[in-house]
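Trainee: Handing over final37.tsv, TSV, C-alpha atoms.
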chain	number	residue	atom	x	y	z
A	2	MET	CA	16.66	-90.89	-102.81
A	3	ILE	CA	17.99	-88.34	-105.27
A	4	ASP	CA	15.98	-86.34	-107.79
A	5	ALA	CA	18.71	-85.40	-110.27
A	6	HIS	CA	16.65	-83.08	-112.48
A	7	THR	CA	14.13	-80.50	-111.23
A	8	HIS	CA	12.84	-77.04	-112.00
A	9	ILE	CA	11.80	-76.18	-108.46
A	10	LEU	CA	13.56	-72.82	-108.22
A	11	PRO	CA	10.93	-70.06	-108.45
A	12	GLU	CA	10.70	-67.27	-111.00
A	13	ILE	CA	13.75	-68.21	-113.06
A	14	ASP	CA	12.59	-70.35	-116.01
A	15	ASP	CA	9.48	-72.27	-117.07
A	16	GLY	CA	9.48	-74.11	-113.74
A	17	ALA	CA	7.88	-73.03	-110.46
A	18	PRO	CA	6.19	-69.66	-111.02
A	19	ASP	CA	6.48	-68.59	-107.38
A	20	VAL	CA	7.70	-69.64	-103.95
A	21	SER	CA	4.39	-71.22	-102.92
A	22	VAL	CA	4.58	-73.66	-105.84
A	23	SER	CA	8.23	-74.40	-105.04
A	24	ARG	CA	7.27	-75.23	-101.47
A	25	ALA	CA	4.45	-77.50	-102.59
A	26	MET	CA	6.80	-79.32	-104.98
A	27	LEU	CA	9.37	-79.88	-102.23
A	28	GLU	CA	6.69	-81.09	-99.84
A	29	ARG	CA	5.50	-83.59	-102.48
A	30	LEU	CA	9.05	-84.89	-102.98
A	31	ALA	CA	9.62	-85.18	-99.22
A	32	VAL	CA	6.44	-87.22	-98.76
A	33	GLN	CA	7.73	-89.60	-101.44
A	34	GLY	CA	11.05	-90.11	-99.67
A	35	VAL	CA	13.34	-87.87	-101.73
A	36	THR	CA	16.21	-86.56	-99.63
A	37	VAL	CA	18.33	-84.78	-102.28
A	38	ALA	CA	16.96	-82.41	-104.94
A	39	CYS	CA	19.21	-81.17	-107.72
A	40	LEU	CA	18.03	-77.68	-108.68
A	41	THR	CA	18.66	-77.42	-112.42
A	42	PRO	CA	17.06	-74.35	-114.05
A	43	HIS	CA	17.44	-73.90	-117.80
A	44	TYR	CA	20.42	-71.91	-119.02
A	45	SER	CA	21.01	-70.85	-122.62
A	46	PRO	CA	24.55	-69.70	-123.49
A	47	SER	CA	23.03	-66.90	-125.59
A	48	ASP	CA	22.03	-65.27	-122.29
A	49	SER	CA	24.39	-63.51	-119.92
A	50	LEU	CA	26.00	-66.07	-117.64
A	51	GLU	CA	26.57	-63.43	-114.97
A	52	ASP	CA	22.89	-62.48	-114.98
A	53	PHE	CA	21.83	-66.14	-114.82
A	54	LEU	CA	24.05	-66.86	-111.82
A	55	LEU	CA	22.76	-63.80	-109.98
A	56	LEU	CA	19.14	-64.73	-110.72
A	57	ARG	CA	19.73	-68.33	-109.68
A	58	GLU	CA	21.20	-67.22	-106.36
A	59	LYS	CA	18.32	-64.81	-105.75
A	60	SER	CA	15.84	-67.59	-106.51
A	61	PHE	CA	17.66	-70.10	-104.32
A	62	ARG	CA	17.63	-67.75	-101.31
A	63	LYS	CA	13.84	-67.80	-101.47
A	64	ILE	CA	13.62	-71.57	-100.88
A	65	LYS	CA	16.80	-72.64	-99.10
A	66	ASP	CA	15.11	-72.61	-95.69
A	67	PHE	CA	12.64	-75.23	-96.94
A	68	GLY	CA	15.49	-77.73	-97.05
A	69	PRO	CA	15.70	-78.32	-93.28
A	70	GLU	CA	11.91	-78.14	-93.01
A	71	PHE	CA	11.46	-81.06	-95.40
A	72	ASN	CA	14.76	-82.82	-94.68
A	73	ILE	CA	15.91	-82.31	-98.27
A	74	ARG	CA	19.45	-81.38	-99.23
A	75	PHE	CA	19.89	-79.15	-102.27
A	76	SER	CA	22.46	-79.38	-105.03
A	77	LEU	CA	22.45	-76.21	-107.09
A	78	GLY	CA	23.21	-76.59	-110.80
A	79	SER	CA	21.63	-75.99	-114.20
A	80	GLU	CA	20.24	-77.62	-117.31
A	81	THR	CA	22.48	-76.08	-119.91
A	82	PHE	CA	21.94	-76.03	-123.66
A	83	LEU	CA	25.22	-77.23	-125.17
A	84	THR	CA	26.33	-74.92	-127.97
A	85	ALA	CA	29.55	-73.54	-129.43
A	86	GLU	CA	28.84	-70.35	-127.52
A	87	LEU	CA	29.07	-72.19	-124.20
A	88	LEU	CA	32.56	-73.37	-125.08
A	89	SER	CA	33.67	-69.76	-125.51
A	90	LYS	CA	32.99	-69.07	-121.82
A	91	PRO	CA	35.82	-69.17	-119.27
A	92	LYS	CA	36.28	-72.50	-117.51
A	93	GLU	CA	35.56	-71.01	-114.10
A	94	TYR	CA	32.20	-69.76	-115.33
A	95	ILE	CA	31.15	-73.09	-116.77
A	96	GLU	CA	32.08	-74.79	-113.51
A	97	GLN	CA	29.48	-72.62	-111.77
A	98	LEU	CA	26.80	-74.22	-113.94
A	99	CYS	CA	27.70	-77.69	-112.64
A	100	LEU	CA	26.03	-79.33	-109.65
A	101	ASN	CA	27.64	-77.41	-106.84
A	102	GLY	CA	30.93	-78.85	-105.71
A	103	THR	CA	31.19	-81.22	-108.69
A	104	LYS	CA	32.23	-81.38	-112.33
A	105	LEU	CA	28.80	-82.76	-113.35
A	106	LEU	CA	26.91	-80.59	-115.85
A	107	LEU	CA	23.36	-81.46	-116.92
A	108	VAL	CA	23.22	-80.71	-120.66
A	109	GLU	CA	20.45	-80.76	-123.22
A	110	PHE	CA	20.25	-80.61	-127.01
A	111	PRO	CA	17.61	-79.98	-129.67
A	112	TYR	CA	15.17	-82.89	-129.68
A	113	THR	CA	16.08	-83.51	-133.32
A	114	CYS	CA	19.79	-83.75	-132.50
A	115	ALA	CA	21.44	-86.57	-134.46
A	116	PHE	CA	24.61	-86.49	-132.33
A	117	GLY	CA	26.76	-86.05	-135.41
A	118	ASP	CA	30.36	-84.87	-135.63
A	119	ARG	CA	29.66	-81.28	-134.55
A	120	THR	CA	27.77	-82.29	-131.41
A	121	MET	CA	30.37	-84.93	-130.59
A	122	TYR	CA	33.06	-82.26	-130.91
A	123	PHE	CA	31.22	-80.02	-128.43
A	124	ILE	CA	30.92	-82.90	-125.97
A	125	GLU	CA	34.58	-83.88	-126.35
A	126	ALA	CA	35.64	-80.25	-125.84
A	127	LEU	CA	33.58	-80.03	-122.66
A	128	ILE	CA	35.24	-83.19	-121.35
A	129	CYS	CA	38.82	-82.64	-122.52
A	130	ASP	CA	39.24	-78.85	-122.47
A	131	PHE	CA	37.05	-78.02	-119.46
A	132	GLU	CA	37.31	-81.30	-117.50
A	133	ILE	CA	33.52	-81.41	-117.20
A	134	LYS	CA	31.50	-84.64	-117.09
A	135	PRO	CA	28.32	-84.09	-119.15
A	136	VAL	CA	25.09	-85.53	-117.79
A	137	LEU	CA	22.82	-86.10	-120.79
A	138	ALA	CA	19.37	-84.86	-119.75
A	139	HIS	CA	16.30	-87.00	-120.53
A	140	ILE	CA	17.95	-89.31	-123.09
A	141	GLU	CA	14.57	-90.83	-123.95
A	142	ARG	CA	13.66	-87.65	-125.86
A	143	TYR	CA	16.37	-88.14	-128.47
A	144	LYS	CA	15.49	-90.49	-131.30
A	145	ALA	CA	19.17	-90.81	-132.20
A	146	LEU	CA	19.91	-92.32	-128.79
A	147	MET	CA	16.82	-94.50	-128.51
A	148	SER	CA	16.99	-95.93	-132.03
A	149	ASN	CA	20.76	-96.41	-132.18
A	150	GLU	CA	22.15	-97.68	-128.91
A	151	SER	CA	25.72	-97.58	-130.25
A	152	VAL	CA	25.56	-93.78	-130.21
A	153	LEU	CA	24.65	-93.81	-126.53
A	154	ASP	CA	27.44	-96.32	-125.89
A	155	GLU	CA	29.91	-94.03	-127.66
A	156	LEU	CA	28.85	-91.07	-125.51
A	157	ILE	CA	29.20	-93.11	-122.33
A	158	ASP	CA	32.64	-94.31	-123.46
A	159	LYS	CA	33.66	-90.68	-123.95
A	160	GLY	CA	32.74	-89.98	-120.32
A	161	CYS	CA	29.09	-88.89	-120.39
A	162	VAL	CA	26.44	-89.93	-117.88
A	163	ALA	CA	22.89	-90.65	-119.04
A	164	GLN	CA	19.83	-89.35	-117.16
A	165	ILE	CA	16.27	-90.63	-117.59
A	166	ASN	CA	13.05	-88.83	-116.67
A	167	LEU	CA	11.13	-91.16	-114.40
A	168	ASN	CA	7.72	-90.50	-115.92
A	169	SER	CA	8.99	-91.98	-119.21
A	170	ILE	CA	9.14	-95.36	-117.52
A	171	ARG	CA	5.40	-95.17	-116.93
A	172	ARG	CA	4.14	-93.19	-119.91
A	173	GLY	CA	6.38	-94.25	-122.78
A	174	THR	CA	5.64	-96.89	-125.38
A	175	PHE	CA	6.06	-100.52	-124.35
A	176	ILE	CA	9.27	-100.85	-126.36
A	177	ALA	CA	10.69	-97.56	-125.02
A	178	LYS	CA	9.88	-98.48	-121.41
A	179	ARG	CA	11.60	-101.87	-121.78
A	180	LYS	CA	14.65	-100.20	-123.27
A	181	LEU	CA	14.87	-97.57	-120.51
A	182	LEU	CA	14.56	-100.23	-117.82
A	183	ARG	CA	17.35	-102.16	-119.52
A	184	PHE	CA	19.51	-99.04	-119.65
A	185	ILE	CA	19.04	-98.67	-115.89
A	186	ARG	CA	19.63	-102.38	-115.23
A	187	ASP	CA	22.79	-102.45	-117.33
A	188	GLY	CA	24.25	-99.28	-115.83
A	189	LYS	CA	23.95	-97.21	-118.99
A	190	ALA	CA	21.61	-94.73	-117.31
A	191	ARG	CA	23.02	-93.75	-113.93
A	192	PHE	CA	20.85	-90.75	-113.04
A	193	VAL	CA	17.07	-90.42	-112.79
A	194	GLY	CA	14.91	-87.39	-112.08
A	195	THR	CA	11.38	-86.08	-112.24
A	196	ASP	CA	12.15	-83.03	-114.42
A	197	CYS	CA	9.27	-81.49	-112.49
A	198	HIS	CA	8.15	-77.96	-113.41
A	199	ASN	CA	4.97	-77.38	-111.41
A	200	MET	CA	2.19	-79.10	-109.46
A	201	THR	CA	-0.20	-79.57	-112.39
A	202	SER	CA	1.05	-80.54	-115.84
A	203	ARG	CA	4.55	-81.63	-114.77
A	204	PRO	CA	4.41	-82.46	-111.05
A	205	PRO	CA	7.16	-84.08	-108.97
A	206	GLU	CA	5.99	-87.69	-109.24
A	207	TYR	CA	8.88	-89.79	-107.96
A	208	LYS	CA	7.72	-92.79	-105.96
A	209	THR	CA	5.03	-93.99	-108.39
A	210	ASN	CA	7.67	-94.32	-111.09
A	211	ILE	CA	10.38	-95.69	-108.83
A	212	ASP	CA	7.93	-98.38	-107.72
A	213	ILE	CA	7.80	-99.59	-111.33
A	214	ILE	CA	11.57	-100.03	-111.28
A	215	VAL	CA	11.30	-101.82	-107.94
A	216	LYS	CA	8.70	-104.16	-109.41
A	217	LYS	CA	10.83	-104.95	-112.46
A	218	LEU	CA	14.35	-104.93	-111.01
A	219	GLY	CA	13.89	-105.39	-107.27
A	220	GLU	CA	14.08	-103.25	-104.17
A	221	ARG	CA	17.71	-104.08	-103.51
A	222	PHE	CA	18.67	-103.02	-107.03
A	223	VAL	CA	16.94	-99.65	-106.55
A	224	ARG	CA	18.72	-99.10	-103.23
A	225	ASP	CA	22.05	-99.90	-104.87
A	226	PHE	CA	21.16	-97.64	-107.80
A	227	HIS	CA	20.59	-94.66	-105.52
A	228	ASP	CA	23.80	-95.45	-103.63
A	229	SER	CA	25.57	-95.45	-107.00
A	230	MET	CA	24.12	-92.02	-107.84
A	231	GLU	CA	25.40	-90.64	-104.57
A	232	ARG	CA	28.84	-92.19	-105.05
A	233	LEU	CA	29.09	-90.75	-108.55
A	234	ILE	CA	28.28	-87.26	-107.29
A	235	ALA	CA	30.86	-87.65	-104.52
A	236	ALA	CA	33.48	-88.96	-106.97
A	237	GLU	CA	33.03	-85.95	-109.25
A	238	ARG	CA	33.61	-83.37	-106.57
A	239	SER	CA	35.78	-80.51	-107.77
A	240	ASP	CA	38.85	-79.30	-105.88
A	241	VAL	CA	37.95	-75.83	-107.11
A	242	ASN	CA	34.39	-75.76	-105.74
A	243	ALA	CA	34.47	-78.27	-102.88
Represent the structure of the file as structure tokens.
Mentor:
Amino acid sequence: MIDAHTHILPEIDDGAPDVSVSRAMLERLAVQGVTVACLTPHYSPSDSLEDFLLLREKSFRKIKDFGPEFNIRFSLGSETFLTAELLSKPKEYIEQLCLNGTKLLLVEFPYTCAFGDRTMYFIEALICDFEIKPVLAHIERYKALMSNESVLDELIDKGCVAQINLNSIRRGTFIAKRKLLRFIRDGKARFVGTDCHNMTSRPPEYKTNIDIIVKKLGERFVRDFHDSMERLIAAERSDVNA
């Protein structure tokens, strides 16, 4: 099973504050059957990209040996705030923010984002000019996507991939939960993740939420869904970074 959105890396953002918490988070995921963890610390284009990449590598070195210990493979990436400033960066820099070895970039927006013309232009530029496939982080947080499904459909048609935070399937409103399950069932949401930050307020709860999907859509569907996630990651491998 793949956790496509985590903040396990220590001492880099508002995620794990130290290595001991990172280790506990990985142990929790391993117990729940997760075998791939995408490490996606926050990146803001207003910050130095060079400094972020150096800090990310320093942070990763502190936990990489936990991978074999817990039988978890790591995919190093980022959760990047999509702004005009990002699009001014060189292509080879932006590629380093993607899940390693792929063209998949987890992107986020202001929660009030209406996905108007300006945002659509940024997304199109990322796809067309940089050949990046945007993964829309936690789509359930954006009213514009939850209240107007045609906007989500348009983004998917452009080449985006939608990601859902698993705890939203358990904690959201009845209507929101039904909609998210339908997005998963219909193939509109192709990535899921815990978006875990710590062991207290935002812990890595994977299996409890996956079990809800199993109950609603069936065990075979969930197996096929995870296979589809893995195939999508493999299909988006970059010749530059592979």
Trainee: Would you please work out which residue, of A:Leu27, A:Leu83, A:Leu182, A:Leu55, is nearest to A:Phe67 when using only C-alpha atoms?
Mentor: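 Among the listed residues, A:Leu27 lies closest to A:Phe67.
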Trainee: Just want the 12 Å neighbourhood of A:Gly188, counted on only C-alpha atoms, with same-chain residues fewer than 5 positions away dropped. Output as number ranges by chain.
Mentor: A: 154, 157, 162-165, 181-183, 193, 222-223, 225-227, 229-230
Trainee: Using only the atoms of stretch 37-52 of chain A listed in the file, plus 8 Å on each side, state the axis-aligned box centre and edge lengths in Å rounded to one decimal, as lines of an AutoDock Vina configuration file.
Mentor:
center_x = 21.8
center_y = -73.6
center_z = -113.9
size_x = 25.6
size_y = 38.3
size_z = 39.3
Trainee: Any idea what the distance is between atom CA of A:Thr84 and atom CA of A:Pro111?
Mentor: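 Result for atom CA of A:Thr84 versus atom CA of A:Pro111: 10.2 Å, one decimal.
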Trainee: For A:Lys180, which residue among A:Arg203, A:Gly34, A:Ile140, A:Asp130 is the nearest when counting all atoms listed in the file?
Mentor: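 Closest to A:Lys180 of all the choices is A:Ile140.
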Trainee: In terms of the shortest atom-to-atom distance over all atoms listed in the file, which of A:Glu86, A:Glu12, A:Glu155, A:Glu93 is closest to A:Ser60?
Mentor: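 Among A:Glu86, A:Glu12, A:Glu155, A:Glu93, it is A:Glu12 that comes nearest to A:Ser60.
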Trainee: Of the residues A:Glu51, A:Glu125, A:Glu237, A:Asp196, which is the one nearest to A:Thr103, using all atoms listed in the file?
Mentor: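 Closest to A:Thr103 of all the choices is A:Glu237.
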Trainee: A:Gly68, A:Val152, A:Leu127, A:Met121: which is nearest A:Lys189, counting all atoms listed in the file?
Mentor: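 With all atoms listed in the file as the atom set, the closest residue is A:Val152.
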Trainee: Mind pulling up the distance from atom CA of A:Lys134 to atom CA of A:Gly160?
Mentor: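 Between atom CA of A:Gly160 and atom CA of A:Lys134 the gap is 6.4 Å.
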Trainee: What's the 10 Å shell around A:Phe53, counting only C-alpha atoms, without same-chain residues fewer than 6 positions away, as a list of chain:residue names?
Mentor: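 Close residues of A:Phe53: A:Ile13, A:Pro42, A:His43, A:Tyr44, A:Ser45, A:Pro46, A:Lys59, A:Ser79, A:Leu98.
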Trainee: Which polymer residues have any atom within 9 Å of an atom of A:Phe61, counting all atoms listed in the file, with same-chain residues fewer than 2 positions away left out, as a PyMOL selection string?
Mentor: chain A and resi 10-11+40+56-59+63-65+77
Trainee: Extract, using only C-alpha atoms, all DNA, RNA and protein residues at most 10 Å from A:Ala145, discarding same-chain residues fewer than 2 positions from it, and format them as JSON, numbers by chain.
Mentor: {"A": [112, 113, 114, 115, 116, 117, 140, 141, 142, 143, 147, 148, 149, 150, 151, 152, 153]}
Trainee: What gap, in Å, lies between atom CA of A:Ile133 and atom CA of A:Leu106?
Mentor: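 Going from atom CA of A:Ile133 over to atom CA of A:Leu106 covers 6.8 Å.
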